[in-house]
$ cat entry06.cif   # mmCIF, C-alpha atoms
data_target
loop_
_atom_site.label_atom_id
_atom_site.label_comp_id
_atom_site.auth_asym_id
_atom_site.auth_seq_id
_atom_site.Cartn_x
_atom_site.Cartn_y
_atom_site.Cartn_z
CA MET A 1 26.09 7.75 -2.25
CA PRO A 2 27.50 5.93 0.75
CA SER A 3 26.01 2.44 0.61
CA ILE A 4 25.63 2.37 4.38
CA LEU A 5 22.63 4.72 4.07
CA LYS A 6 20.85 2.05 2.08
CA GLU A 7 21.87 -0.68 4.52
CA TRP A 8 20.53 1.29 7.47
CA TYR A 9 17.30 2.00 5.61
CA GLU A 10 16.84 -1.69 4.88
CA GLN A 11 17.63 -2.65 8.46
CA GLU A 12 14.68 -0.51 9.61
CA ALA A 13 12.38 -1.24 6.66
CA ASN A 14 9.86 -3.03 8.88
CA SER A 15 10.32 -0.98 12.04
CA ASN A 16 7.42 1.36 11.23
CA TYR A 17 9.40 4.59 11.55
CA GLY A 18 7.79 7.56 9.82
CA ALA A 19 10.86 9.75 9.52
CA TYR A 20 14.40 8.90 8.41
CA ILE A 21 16.98 11.67 8.44
CA PRO A 22 20.55 10.90 7.47
CA PHE A 23 23.38 13.40 7.76
CA VAL A 24 26.27 12.98 5.34
CA GLY A 25 29.45 14.97 5.90
CA THR A 26 31.71 15.23 2.86
CA VAL A 27 35.27 16.55 2.59
CA ARG A 28 35.19 19.95 0.86
CA ASP A 29 37.81 21.23 -1.52
CA GLU A 30 39.10 24.28 0.34
CA ASP A 31 42.36 25.82 1.60
CA ASP A 32 44.31 23.79 -0.95
CA ILE A 33 43.98 20.58 1.03
CA GLU A 34 44.32 17.18 -0.62
CA GLY A 35 41.96 15.66 1.90
CA LEU A 36 41.46 15.17 5.62
CA SER A 37 42.72 12.54 7.99
CA PHE A 38 41.24 11.38 11.28
CA ASP A 39 42.35 9.70 14.49
CA ILE A 40 39.60 8.10 16.57
CA TYR A 41 39.76 6.90 20.16
CA GLU A 42 37.20 4.14 20.01
CA PRO A 43 36.63 3.22 23.68
CA ILE A 44 35.33 6.70 24.55
CA LEU A 45 33.60 7.15 21.18
CA ASN A 46 31.70 3.92 21.79
CA SER A 47 30.56 4.84 25.29
CA TRP A 48 29.53 8.32 24.09
CA PHE A 49 27.54 6.71 21.29
CA LYS A 50 25.91 4.18 23.62
CA ALA A 51 24.63 7.05 25.77
CA TRP A 52 23.07 8.60 22.66
CA GLN A 53 21.52 5.29 21.66
CA ALA A 54 19.88 5.17 25.10
CA ARG A 55 18.56 8.74 24.68
CA ALA A 56 17.16 7.79 21.27
CA LYS A 57 15.47 4.72 22.68
CA GLU A 58 13.74 6.83 25.35
CA LYS A 59 12.14 8.82 22.53
CA GLY A 60 11.20 5.74 20.52
CA ALA A 61 13.91 6.54 18.00
CA VAL A 62 17.05 4.86 16.67
CA ILE A 63 20.39 6.51 15.92
CA LYS A 64 23.16 5.17 13.69
CA MET A 65 26.64 6.47 13.01
CA ALA A 66 29.76 5.76 10.97
CA HIS A 67 33.02 7.72 10.83
CA SER A 68 36.12 7.26 8.70
CA LYS A 69 39.54 6.57 10.20
CA GLY A 70 42.71 7.66 8.46
CA ASP A 71 42.71 9.56 5.17
CA VAL A 72 39.59 10.77 3.36
CA MET A 73 40.06 12.43 -0.01
CA LEU A 74 38.18 15.43 -1.44
CA HIS A 75 34.47 14.87 -2.10
CA GLU A 76 34.44 11.62 -0.14
CA SER A 77 32.20 11.32 2.90
CA SER A 78 33.95 11.14 6.25
CA TYR A 79 30.97 11.05 8.58
CA ILE A 80 27.46 9.63 8.33
CA ALA A 81 24.77 9.61 10.97
CA ALA A 82 21.06 8.87 10.77
CA VAL A 83 18.01 8.98 12.97
CA PHE A 84 14.84 6.94 12.56
CA SER A 85 11.78 8.01 14.50
CA PRO A 86 8.03 7.50 14.43
CA LYS A 87 7.51 11.27 14.24
CA ARG A 88 9.23 13.97 12.24
CA ARG A 89 9.60 16.50 15.07
CA VAL A 90 11.62 14.10 17.22
CA ALA A 91 13.78 13.16 14.23
CA LEU A 92 14.50 16.77 13.24
CA GLU A 93 15.50 17.76 16.75
CA PHE A 94 17.47 14.60 17.39
CA ILE A 95 19.68 14.76 14.30
CA ASP A 96 20.54 18.38 15.11
CA GLU A 97 21.42 17.70 18.76
CA PHE A 98 23.31 14.55 17.87
CA VAL A 99 25.44 16.12 15.12
CA GLU A 100 26.25 19.15 17.29
CA ASP A 101 27.24 17.03 20.27
CA PHE A 102 29.26 14.82 17.96
CA LYS A 103 31.26 17.87 16.89
CA ALA A 104 31.79 18.96 20.50
CA SER A 105 32.29 15.63 22.26
CA ALA A 106 33.36 12.77 20.01
CA PRO A 107 37.03 11.86 20.61
CA ILE A 108 38.13 12.36 17.01
CA TRP A 109 41.05 14.44 15.79
CA LYS A 110 41.15 16.04 12.38
CA TYR A 111 44.18 16.77 10.22
CA ASP A 112 44.45 18.59 6.92
CA LEU A 113 46.38 16.69 4.27
CA LYS A 114 48.71 19.23 2.67
CA ASN A 115 51.73 18.38 0.54
CA GLY A 116 51.37 14.81 1.74
CA LYS A 117 51.61 15.83 5.41
CA ARG A 118 49.07 15.65 8.24
CA VAL A 119 48.53 19.06 9.84
CA TYR A 120 46.43 19.04 13.01
CA ALA A 121 43.36 21.29 12.56
CA LEU A 122 43.73 22.99 15.94
CA ASP A 123 41.88 26.17 14.91
CA ARG A 124 38.73 24.20 13.97
CA SER A 125 38.90 21.94 17.03
CA THR A 126 36.98 22.21 20.29
CA ALA A 127 38.35 21.50 23.76
CA LEU A 128 36.31 18.76 25.43
CA GLU A 129 34.24 19.63 28.46
CA GLY A 130 36.44 19.52 31.55
CA SER A 131 39.58 20.39 29.60
CA GLY A 132 42.39 22.15 31.45
CA ILE A 133 42.09 20.38 34.80
CA LEU A 134 45.79 19.46 34.72
CA LYS A 135 47.08 22.93 33.90
CA MET B 1 15.80 3.19 -0.13
CA PRO B 2 14.26 5.68 -2.52
CA SER B 3 16.60 5.82 -5.52
CA ILE B 4 16.05 9.54 -5.88
CA LEU B 5 18.30 10.11 -2.85
CA LYS B 6 21.16 8.57 -4.79
CA GLU B 7 20.33 10.58 -7.90
CA TRP B 8 20.34 13.83 -5.96
CA TYR B 9 23.63 12.90 -4.32
CA GLU B 10 25.21 12.20 -7.68
CA GLN B 11 23.85 15.43 -9.14
CA GLU B 12 25.77 17.36 -6.49
CA ALA B 13 28.83 15.08 -6.34
CA ASN B 14 31.13 17.81 -7.66
CA SER B 15 29.39 20.82 -6.10
CA ASN B 16 31.69 20.87 -3.06
CA TYR B 17 28.92 20.75 -0.45
CA GLY B 18 30.09 19.59 2.97
CA ALA B 19 26.71 18.58 4.37
CA TYR B 20 23.89 16.55 2.79
CA ILE B 21 20.74 16.00 4.84
CA PRO B 22 17.83 14.13 3.32
CA PHE B 23 14.47 13.74 5.02
CA VAL B 24 12.48 10.64 4.15
CA GLY B 25 8.85 10.40 5.23
CA THR B 26 7.43 6.89 5.23
CA VAL B 27 3.82 5.74 5.65
CA ARG B 28 3.42 4.21 9.11
CA ASP B 29 1.22 1.27 9.95
CA GLU B 30 -1.23 2.82 12.42
CA ASP B 31 -4.96 3.24 12.98
CA ASP B 32 -5.65 0.20 10.77
CA ILE B 33 -4.99 2.10 7.59
CA GLU B 34 -4.03 0.32 4.37
CA GLY B 35 -2.03 3.33 3.24
CA LEU B 36 -2.33 7.03 2.55
CA SER B 37 -3.43 8.92 -0.52
CA PHE B 38 -2.52 12.44 -1.59
CA ASP B 39 -3.91 15.21 -3.78
CA ILE B 40 -1.46 17.87 -4.87
CA TYR B 41 -2.16 21.26 -6.40
CA GLU B 42 0.97 21.69 -8.44
CA PRO B 43 0.85 25.36 -9.54
CA ILE B 44 0.96 26.63 -5.95
CA LEU B 45 3.29 23.86 -4.77
CA ASN B 46 5.74 24.84 -7.49
CA SER B 47 5.71 28.53 -6.66
CA TRP B 48 6.06 27.75 -2.95
CA PHE B 49 9.03 25.52 -3.74
CA LYS B 50 10.64 28.11 -6.01
CA ALA B 51 10.57 30.60 -3.14
CA TRP B 52 12.39 28.05 -0.96
CA GLN B 53 14.94 27.39 -3.69
CA ALA B 54 15.66 31.12 -3.74
CA ARG B 55 16.07 31.17 0.06
CA ALA B 56 18.45 28.21 -0.19
CA LYS B 57 20.50 29.93 -2.88
CA GLU B 58 20.91 33.00 -0.67
CA LYS B 59 22.57 30.78 1.91
CA GLY B 60 24.74 28.98 -0.63
CA ALA B 61 22.61 25.86 -0.28
CA VAL B 62 20.44 23.71 -2.54
CA ILE B 63 17.07 22.18 -1.68
CA LYS B 64 15.37 19.26 -3.44
CA MET B 65 11.95 17.74 -2.97
CA ALA B 66 9.71 14.95 -4.22
CA HIS B 67 6.19 14.03 -3.11
CA SER B 68 3.92 11.15 -4.10
CA LYS B 69 0.56 11.70 -5.73
CA GLY B 70 -2.28 9.23 -5.27
CA ASP B 71 -1.96 6.12 -3.13
CA VAL B 72 1.09 5.20 -1.06
CA MET B 73 1.04 1.87 0.75
CA LEU B 74 2.37 1.07 4.24
CA HIS B 75 6.14 1.38 4.68
CA GLU B 76 6.53 3.18 1.35
CA SER B 77 7.97 6.68 1.31
CA SER B 78 5.57 9.47 0.40
CA TYR B 79 7.81 12.48 0.81
CA ILE B 80 11.51 13.12 0.33
CA ALA B 81 13.39 16.36 0.70
CA ALA B 82 17.09 17.10 0.93
CA VAL B 83 19.38 20.02 1.54
CA PHE B 84 22.97 20.38 0.40
CA SER B 85 25.08 23.08 1.99
CA PRO B 86 28.74 23.99 2.41
CA LYS B 87 28.31 24.06 6.20
CA ARG B 88 26.48 21.76 8.58
CA ARG B 89 24.78 24.48 10.67
CA VAL B 90 23.00 25.94 7.64
CA ALA B 91 21.95 22.46 6.51
CA LEU B 92 20.57 21.42 9.90
CA GLU B 93 18.53 24.59 10.28
CA PHE B 94 17.36 24.61 6.69
CA ILE B 95 16.01 21.06 6.60
CA ASP B 96 14.06 21.72 9.81
CA GLU B 97 12.52 25.00 8.60
CA PHE B 98 11.79 23.54 5.18
CA VAL B 99 10.07 20.40 6.43
CA GLU B 100 7.99 22.35 8.96
CA ASP B 101 6.90 24.92 6.39
CA PHE B 102 6.15 22.10 4.00
CA LYS B 103 3.74 20.65 6.56
CA ALA B 104 2.09 24.01 7.14
CA SER B 105 2.06 25.49 3.64
CA ALA B 106 2.34 22.95 0.83
CA PRO B 107 -1.00 22.54 -1.00
CA ILE B 108 -1.27 18.80 -0.43
CA TRP B 109 -4.25 16.94 1.00
CA LYS B 110 -3.90 13.65 2.84
CA TYR B 111 -6.41 10.80 3.00
CA ASP B 112 -6.32 7.61 5.01
CA LEU B 113 -7.01 4.50 2.96
CA LYS B 114 -9.45 2.44 4.99
CA ASN B 115 -11.53 -0.45 3.64
CA GLY B 116 -10.56 0.71 0.17
CA LYS B 117 -11.96 4.22 0.75
CA ARG B 118 -10.22 7.61 0.92
CA VAL B 119 -10.98 9.38 4.20
CA TYR B 120 -9.77 13.00 4.39
CA ALA B 121 -7.37 13.42 7.36
CA LEU B 122 -8.97 16.64 8.58
CA ASP B 123 -7.81 16.23 12.20
CA ARG B 124 -4.13 16.06 11.14
CA SER B 125 -4.46 18.90 8.64
CA THR B 126 -3.53 22.56 9.06
CA ALA B 127 -5.48 25.53 7.73
CA LEU B 128 -3.28 27.59 5.40
CA GLU B 129 -2.28 31.09 6.46
CA GLY B 130 -5.08 33.48 5.55
CA SER B 131 -7.77 30.82 5.80
CA GLY B 132 -11.28 31.93 6.65
CA ILE B 133 -11.34 35.20 4.70
CA LEU B 134 -14.54 34.14 2.93
CA LYS B 135 -16.45 33.11 6.04
CA MET C 1 -16.64 35.29 -16.02
CA VAL C 2 -14.49 34.07 -13.11
CA ARG C 3 -13.73 30.36 -12.69
CA VAL C 4 -13.82 29.04 -9.12
CA GLU C 5 -12.21 25.68 -8.33
CA PHE C 6 -12.47 23.60 -5.16
CA LEU C 7 -9.33 21.69 -4.28
CA GLY C 8 -8.52 18.53 -2.35
CA PRO C 9 -11.36 17.03 -0.35
CA ILE C 10 -14.02 19.59 -1.29
CA GLN C 11 -16.33 17.56 -3.48
CA LYS C 12 -17.67 20.27 -5.72
CA GLU C 13 -17.50 20.95 -9.44
CA PRO C 14 -15.92 24.23 -10.61
CA LEU C 15 -18.19 27.26 -10.94
CA GLU C 16 -18.21 29.96 -13.62
CA LEU C 17 -19.41 33.11 -11.87
CA ASP C 18 -20.07 36.66 -12.96
CA ILE C 19 -18.46 38.35 -9.92
CA LYS C 20 -16.30 41.43 -9.45
CA ASN C 21 -14.53 40.71 -6.17
CA LEU C 22 -14.10 38.25 -3.31
CA ASN C 23 -16.95 39.79 -1.31
CA GLU C 24 -19.34 38.69 -4.01
CA LEU C 25 -17.75 35.25 -4.04
CA ALA C 26 -18.22 35.00 -0.27
CA GLU C 27 -21.94 35.78 -0.66
CA VAL C 28 -22.36 33.08 -3.29
CA LEU C 29 -20.53 30.42 -1.28
CA LYS C 30 -22.23 31.25 2.03
CA SER C 31 -25.56 30.46 0.42
CA ASP C 32 -24.27 27.00 -0.47
CA ASN C 33 -25.01 24.57 2.38
CA GLU C 34 -22.24 22.13 1.59
CA MET C 35 -19.67 24.93 1.44
CA GLN C 36 -20.38 26.56 4.77
CA LYS C 37 -18.18 24.21 6.81
CA TRP C 38 -15.24 24.79 4.45
CA LEU C 39 -15.32 28.60 4.45
CA GLU C 40 -13.95 28.86 7.98
CA ASN C 41 -10.78 26.85 7.38
CA SER C 42 -10.12 27.32 3.68
CA ALA C 43 -7.67 29.68 2.04
CA VAL C 44 -8.16 31.47 -1.26
CA ALA C 45 -5.84 31.79 -4.25
CA VAL C 46 -6.39 34.15 -7.17
CA ASN C 47 -4.56 33.06 -10.31
CA ASP C 48 -2.55 30.65 -8.13
CA MET C 49 -1.40 33.31 -5.66
CA LEU C 50 -2.68 32.95 -2.10
CA VAL C 51 -4.44 36.09 -0.89
CA SER C 52 -4.71 37.29 2.68
CA SER C 53 -7.73 39.59 2.48
CA ARG C 54 -11.01 39.92 0.62
CA ASP C 55 -9.87 43.25 -0.69
CA ILE C 56 -9.22 41.89 -4.18
CA GLU C 57 -10.87 42.95 -7.44
CA LEU C 58 -11.52 40.16 -9.94
CA ARG C 59 -11.30 40.48 -13.70
CA GLU C 60 -12.70 38.57 -16.64
CA GLY C 61 -10.82 35.26 -16.91
CA ASP C 62 -9.43 35.25 -13.38
CA ARG C 63 -9.22 31.89 -11.65
CA VAL C 64 -10.01 31.50 -7.97
CA ALA C 65 -9.10 28.38 -5.97
CA ILE C 66 -10.46 27.35 -2.56
CA LEU C 67 -7.85 25.43 -0.51
CA PRO C 68 -9.00 23.48 2.56
CA PRO C 69 -6.56 22.47 5.37
CA VAL C 70 -3.41 20.75 4.11
CA CYS C 71 -1.26 17.88 5.29
CA GLY C 72 1.71 16.95 3.15
CA GLY C 73 4.37 14.42 4.03
CA MET D 1 51.96 1.71 38.09
CA VAL D 2 49.58 3.93 36.15
CA ARG D 3 49.73 4.05 32.36
CA VAL D 4 49.32 7.49 30.77
CA GLU D 5 48.49 7.72 27.04
CA PHE D 6 48.52 10.79 24.82
CA LEU D 7 45.85 10.80 22.12
CA GLY D 8 45.45 12.36 18.69
CA PRO D 9 48.01 14.98 17.73
CA ILE D 10 50.08 14.82 20.94
CA GLN D 11 53.28 13.22 19.73
CA LYS D 12 54.36 11.49 22.91
CA GLU D 13 54.94 7.88 23.87
CA PRO D 14 52.88 6.44 26.78
CA LEU D 15 54.29 6.80 30.28
CA GLU D 16 54.26 4.30 33.14
CA LEU D 17 54.15 6.38 36.32
CA ASP D 18 54.11 5.62 40.02
CA ILE D 19 51.42 8.17 40.96
CA LYS D 20 48.49 8.15 43.36
CA ASN D 21 46.25 10.86 41.93
CA LEU D 22 45.80 13.44 39.17
CA ASN D 23 47.57 16.15 41.18
CA GLU D 24 50.73 14.09 40.96
CA LEU D 25 50.16 13.57 37.25
CA ALA D 26 49.76 17.34 36.76
CA GLU D 27 53.12 17.92 38.45
CA VAL D 28 54.85 15.39 36.20
CA LEU D 29 53.35 16.81 32.99
CA LYS D 30 53.95 20.47 33.90
CA SER D 31 57.63 19.73 34.12
CA ASP D 32 57.55 18.42 30.54
CA ASN D 33 58.16 21.31 28.13
CA GLU D 34 56.41 19.76 25.16
CA MET D 35 53.29 19.03 27.24
CA GLN D 36 52.76 22.50 28.67
CA LYS D 37 50.83 23.83 25.67
CA TRP D 38 48.48 20.83 25.74
CA LEU D 39 47.57 20.96 29.42
CA GLU D 40 45.39 24.04 29.02
CA ASN D 41 43.08 22.60 26.36
CA SER D 42 43.20 18.85 27.00
CA ALA D 43 40.69 16.71 28.84
CA VAL D 44 41.49 13.69 31.00
CA ALA D 45 39.96 10.22 31.01
CA VAL D 46 40.57 7.61 33.71
CA ASN D 47 39.90 4.09 32.49
CA ASP D 48 38.11 5.60 29.47
CA MET D 49 35.76 7.78 31.54
CA LEU D 50 36.19 11.53 31.15
CA VAL D 51 36.72 13.23 34.51
CA SER D 52 35.81 16.80 35.40
CA SER D 53 38.10 17.44 38.35
CA ARG D 54 41.53 16.50 39.64
CA ASP D 55 39.93 15.03 42.71
CA ILE D 56 40.49 11.44 41.58
CA GLU D 57 42.55 8.75 43.31
CA LEU D 58 44.46 6.41 41.02
CA ARG D 59 45.09 2.72 41.63
CA GLU D 60 47.59 0.20 40.39
CA GLY D 61 46.76 -0.63 36.78
CA ASP D 62 44.60 2.42 36.07
CA ARG D 63 44.87 3.93 32.63
CA VAL D 64 44.82 7.69 32.10
CA ALA D 65 44.30 9.29 28.67
CA ILE D 66 45.02 12.91 27.70
CA LEU D 67 42.59 14.17 25.02
CA PRO D 68 43.42 17.37 23.10
CA PRO D 69 40.72 19.43 21.28
CA VAL D 70 38.52 17.35 18.97
CA CYS D 71 36.97 17.86 15.56
CA GLY D 72 34.93 15.01 14.16
CA GLY D 73 32.86 15.09 11.00
#

$ encode --input "entry06.cif" --output "structure tokens"
Amino acid sequence: MPSILKEWYEQEANSNYGAYIPFVGTVRDEDDIEGLSFDIYEPILNSWFKAWQARAKEKGAVIKMAHSKGDVMLHESSYIAAVFSPKRRVALEFIDEFVEDFKASAPIWKYDLKNGKRVYALDRSTALEGSGILK
Amino acid sequence: MPSILKEWYEQEANSNYGAYIPFVGTVRDEDDIEGLSFDIYEPILNSWFKAWQARAKEKGAVIKMAHSKGDVMLHESSYIAAVFSPKRRVALEFIDEFVEDFKASAPIWKYDLKNGKRVYALDRSTALEGSGILK
Amino acid sequence: MVRVEFLGPIQKEPLELDIKNLNELAEVLKSDNEMQKWLENSAVAVNDMLVSSRDIELREGDRVAILPPVCGG
Amino acid sequence: MVRVEFLGPIQKEPLELDIKNLNELAEVLKSDNEMQKWLENSAVAVNDMLVSSRDIELREGDRVAILPPVCGG
């Protein structure tokens, strides 16, 4: 298990949160890939994440996130997020909204690793909001 | 962090699930309680859980659960569940439905520990479906 | 005989009753002062299956459980 | 000058352009054959803020980023 889940749990051990919901995304063995690879644009990822931290704070919750850069092999975890909240309902809704917005908005690009090459996963990717304004 | 989360993760390490979502419920310090205490009626809990395992299997997912019996002190975890699924959407919906139905349907009774006594938490409890047929 | 058990916070020893159905059980429990408050919000299981109506016949050796409001987690 | 960077899978070196707004940037990129397919599905950030319209003036030293479709997780 990714050790960061334990670290996060210990960070909040005395914060009096009643619900802790991690999300662990793991690279699946499918389509004959050897693994996945990721590019991340950190400046925009960080400001996106700061906005989510502010939303969490408004609800008395805390959100944490980690994402791999570069290659991630089969059955390794590429993405981990977690929400801590006093109440379960807030936590359940928050992890869902956060993970979905992460998929739609985080500036991260995914590549299949096939025969040692990086192949951009265009068909599983989502255009960011506001895309196409230069066309 | 509850070690069972790691055990579950290792059990499914080679199952090729893409999403792992645990839910950890921890006893909060509130209302001057010293902790919580639980009674469990296992025969009905087990059949309820088996029905959920079957629902998970239908969706290609796996669900796991552990709940404390007896006393649980402040900041200790009383309840842990987890879903493993190939896809994130199934996992996010399943953990939410499972945890909510657990609250509404699992035959577990909660007591506040106050001044060393067990006080039944009637005001936070939910009547099971079909309650009142003998009144 | 039918064995009736009271779960969770209901502080009551099990009963062994000579009853044929849940209507008869309801009559017995209604006459019990300490049980009246629980009848409104408690569910009933017969042989560990929750039932949704009183329309249940009981047989020799059946087990009935009375389940007050729950709160796991 | 305005620096234009191409992120993720767009295999293109950064440009230093003498442009005043995103309309001028659009004209430059449309004339670039390898960029045409990306313009339809890419978003634009100015100084690391995503923008939702072309109605943006650019100043000396601004940085523009072109962001193709994403897939985290």

$ closest_residue --input "entry06.cif" --among "A:Ala82, A:Trp8, A:Met1, A:Ala19" --to "chain C" --atoms "all atoms listed in the file"
A:Ala19

$ atom_distance --input "entry06.cif" --atom1 "atom CA of D:Leu22" --atom2 "atom CA of D:Ile56"
6.2 Å

$ resolve_selection --input "entry06.cif" --expression "the PyMOL selection byres ((chain B) within 12 of (chain D))" --output "ChimeraX atom specification"
/B:18-19,87-88

$ resolve_selection --input "entry06.cif" --expression "the PyMOL selection byres ((chain C and resi 57) around 7)" --output "list in words"
Lys20, Asn21, Asp55, Ile56, Leu58 and Arg59 of chain C

$ resolve_selection --input "entry06.cif" --expression "the PyMOL selection byres ((chain B) within 6 of (chain A))" --output "list in words"
Met1, Lys6, Asn16, Gly18, Ala19, Tyr20, Ile21, Pro22, Phe23, Val24, Gly25, Thr26 and Arg28 of chain B

$ closest_residue --input "entry06.cif" --among "A:Asn115, A:Ser125, A:Gln53, A:Ser131" --to "D:Gly8" --atoms "only C-alpha atoms"
A:Ser125

$ atom_distance --input "entry06.cif" --atom1 "atom CA of B:Ile108" --atom2 "atom CA of B:Phe38"
6.6 Å

$ atom_distance --input "entry06.cif" --atom1 "atom CA of B:Phe94" --atom2 "atom CA of A:Ala56"
22.3 Å

$ residues_around --input "entry06.cif" --residues "C:Val4" --least-positions-apart "6" --cutoff "12 Å" --atoms "only C-alpha atoms" --output "mmCIF file with C-alpha atoms, in the frame of the given file"
data_model
loop_
_atom_site.group_PDB
_atom_site.id
_atom_site.type_symbol
_atom_site.label_atom_id
_atom_site.label_comp_id
_atom_site.auth_asym_id
_atom_site.auth_seq_id
_atom_site.Cartn_x
_atom_site.Cartn_y
_atom_site.Cartn_z
ATOM 1 C CA LYS C 12 -17.670 20.270 -5.720
ATOM 2 C CA GLU C 13 -17.500 20.950 -9.440
ATOM 3 C CA PRO C 14 -15.920 24.230 -10.610
ATOM 4 C CA LEU C 15 -18.190 27.260 -10.940
ATOM 5 C CA GLU C 16 -18.210 29.960 -13.620
ATOM 6 C CA LEU C 17 -19.410 33.110 -11.870
ATOM 7 C CA ASP C 18 -20.070 36.660 -12.960
ATOM 8 C CA ILE C 19 -18.460 38.350 -9.920
ATOM 9 C CA LEU C 22 -14.100 38.250 -3.310
ATOM 10 C CA LEU C 25 -17.750 35.250 -4.040
ATOM 11 C CA ALA C 26 -18.220 35.000 -0.270
ATOM 12 C CA VAL C 28 -22.360 33.080 -3.290
ATOM 13 C CA LEU C 29 -20.530 30.420 -1.280
ATOM 14 C CA VAL C 44 -8.160 31.470 -1.260
ATOM 15 C CA ALA C 45 -5.840 31.790 -4.250
ATOM 16 C CA VAL C 46 -6.390 34.150 -7.170
ATOM 17 C CA ASN C 47 -4.560 33.060 -10.310
ATOM 18 C CA ASP C 48 -2.550 30.650 -8.130
ATOM 19 C CA LEU C 58 -11.520 40.160 -9.940
ATOM 20 C CA GLY C 61 -10.820 35.260 -16.910
ATOM 21 C CA ASP C 62 -9.430 35.250 -13.380
ATOM 22 C CA ARG C 63 -9.220 31.890 -11.650
ATOM 23 C CA VAL C 64 -10.010 31.500 -7.970
ATOM 24 C CA ALA C 65 -9.100 28.380 -5.970
ATOM 25 C CA ILE C 66 -10.460 27.350 -2.560
ATOM 26 C CA LEU C 67 -7.850 25.430 -0.510
#

$ residues_near_point --input "entry06.cif" --point "(42.2, 12.2, 23.6)" --cutoff "12 Å" --atoms "only C-alpha atoms" --output "count of residues only"
45

$ build_atoms --input "entry06.cif" --residues "stretch 52-68 of chain A" --atoms "N, CA and C atoms" --output "mmCIF file, in the coordinates of the input"
data_model
loop_
_atom_site.group_PDB
_atom_site.id
_atom_site.type_symbol
_atom_site.label_atom_id
_atom_site.label_comp_id
_atom_site.auth_asym_id
_atom_site.auth_seq_id
_atom_site.Cartn_x
_atom_site.Cartn_y
_atom_site.Cartn_z
ATOM 1 N N TRP A 52 24.022 8.032 23.611
ATOM 2 C CA TRP A 52 23.070 8.600 22.660
ATOM 3 C C TRP A 52 22.044 7.572 22.177
ATOM 4 N N GLN A 53 22.490 6.333 22.047
ATOM 5 C CA GLN A 53 21.520 5.290 21.660
ATOM 6 C C GLN A 53 20.437 5.139 22.729
ATOM 7 N N ALA A 54 20.863 5.268 24.005
ATOM 8 C CA ALA A 54 19.880 5.170 25.100
ATOM 9 C C ALA A 54 18.919 6.357 25.057
ATOM 10 N N ARG A 55 19.435 7.557 24.791
ATOM 11 C CA ARG A 55 18.560 8.740 24.680
ATOM 12 C C ARG A 55 17.572 8.573 23.534
ATOM 13 N N ALA A 56 18.055 8.011 22.412
ATOM 14 C CA ALA A 56 17.160 7.790 21.270
ATOM 15 C C ALA A 56 16.052 6.807 21.651
ATOM 16 N N LYS A 57 16.437 5.748 22.316
ATOM 17 C CA LYS A 57 15.470 4.720 22.680
ATOM 18 C C LYS A 57 14.357 5.300 23.555
ATOM 19 N N GLU A 58 14.746 6.173 24.497
ATOM 20 C CA GLU A 58 13.740 6.830 25.350
ATOM 21 C C GLU A 58 12.676 7.564 24.541
ATOM 22 N N LYS A 59 13.080 8.069 23.381
ATOM 23 C CA LYS A 59 12.140 8.820 22.530
ATOM 24 C C LYS A 59 11.531 7.949 21.454
ATOM 25 N N GLY A 60 11.755 6.641 21.532
ATOM 26 C CA GLY A 60 11.200 5.740 20.520
ATOM 27 C C GLY A 60 11.938 5.811 19.198
ATOM 28 N N ALA A 61 13.145 6.352 19.231
ATOM 29 C CA ALA A 61 13.910 6.540 18.000
ATOM 30 C C ALA A 61 15.129 5.632 17.979
ATOM 31 N N VAL A 62 15.813 5.622 16.830
ATOM 32 C CA VAL A 62 17.050 4.860 16.670
ATOM 33 C C VAL A 62 18.080 5.777 16.026
ATOM 34 N N ILE A 63 19.326 5.693 16.496
ATOM 35 C CA ILE A 63 20.390 6.510 15.920
ATOM 36 C C ILE A 63 21.492 5.597 15.417
ATOM 37 N N LYS A 64 22.059 5.959 14.257
ATOM 38 C CA LYS A 64 23.160 5.170 13.690
ATOM 39 C C LYS A 64 24.293 6.121 13.296
ATOM 40 N N MET A 65 25.493 5.606 13.262
ATOM 41 C CA MET A 65 26.640 6.470 13.010
ATOM 42 C C MET A 65 27.787 5.692 12.389
ATOM 43 N N ALA A 66 28.518 6.331 11.491
ATOM 44 C CA ALA A 66 29.760 5.760 10.970
ATOM 45 C C ALA A 66 30.735 6.907 10.727
ATOM 46 N N HIS A 67 32.012 6.680 11.061
ATOM 47 C CA HIS A 67 33.020 7.720 10.830
ATOM 48 C C HIS A 67 34.273 7.077 10.246
ATOM 49 N N SER A 68 34.886 7.761 9.295
ATOM 50 C CA SER A 68 36.120 7.260 8.700
ATOM 51 C C SER A 68 37.302 7.398 9.650
#
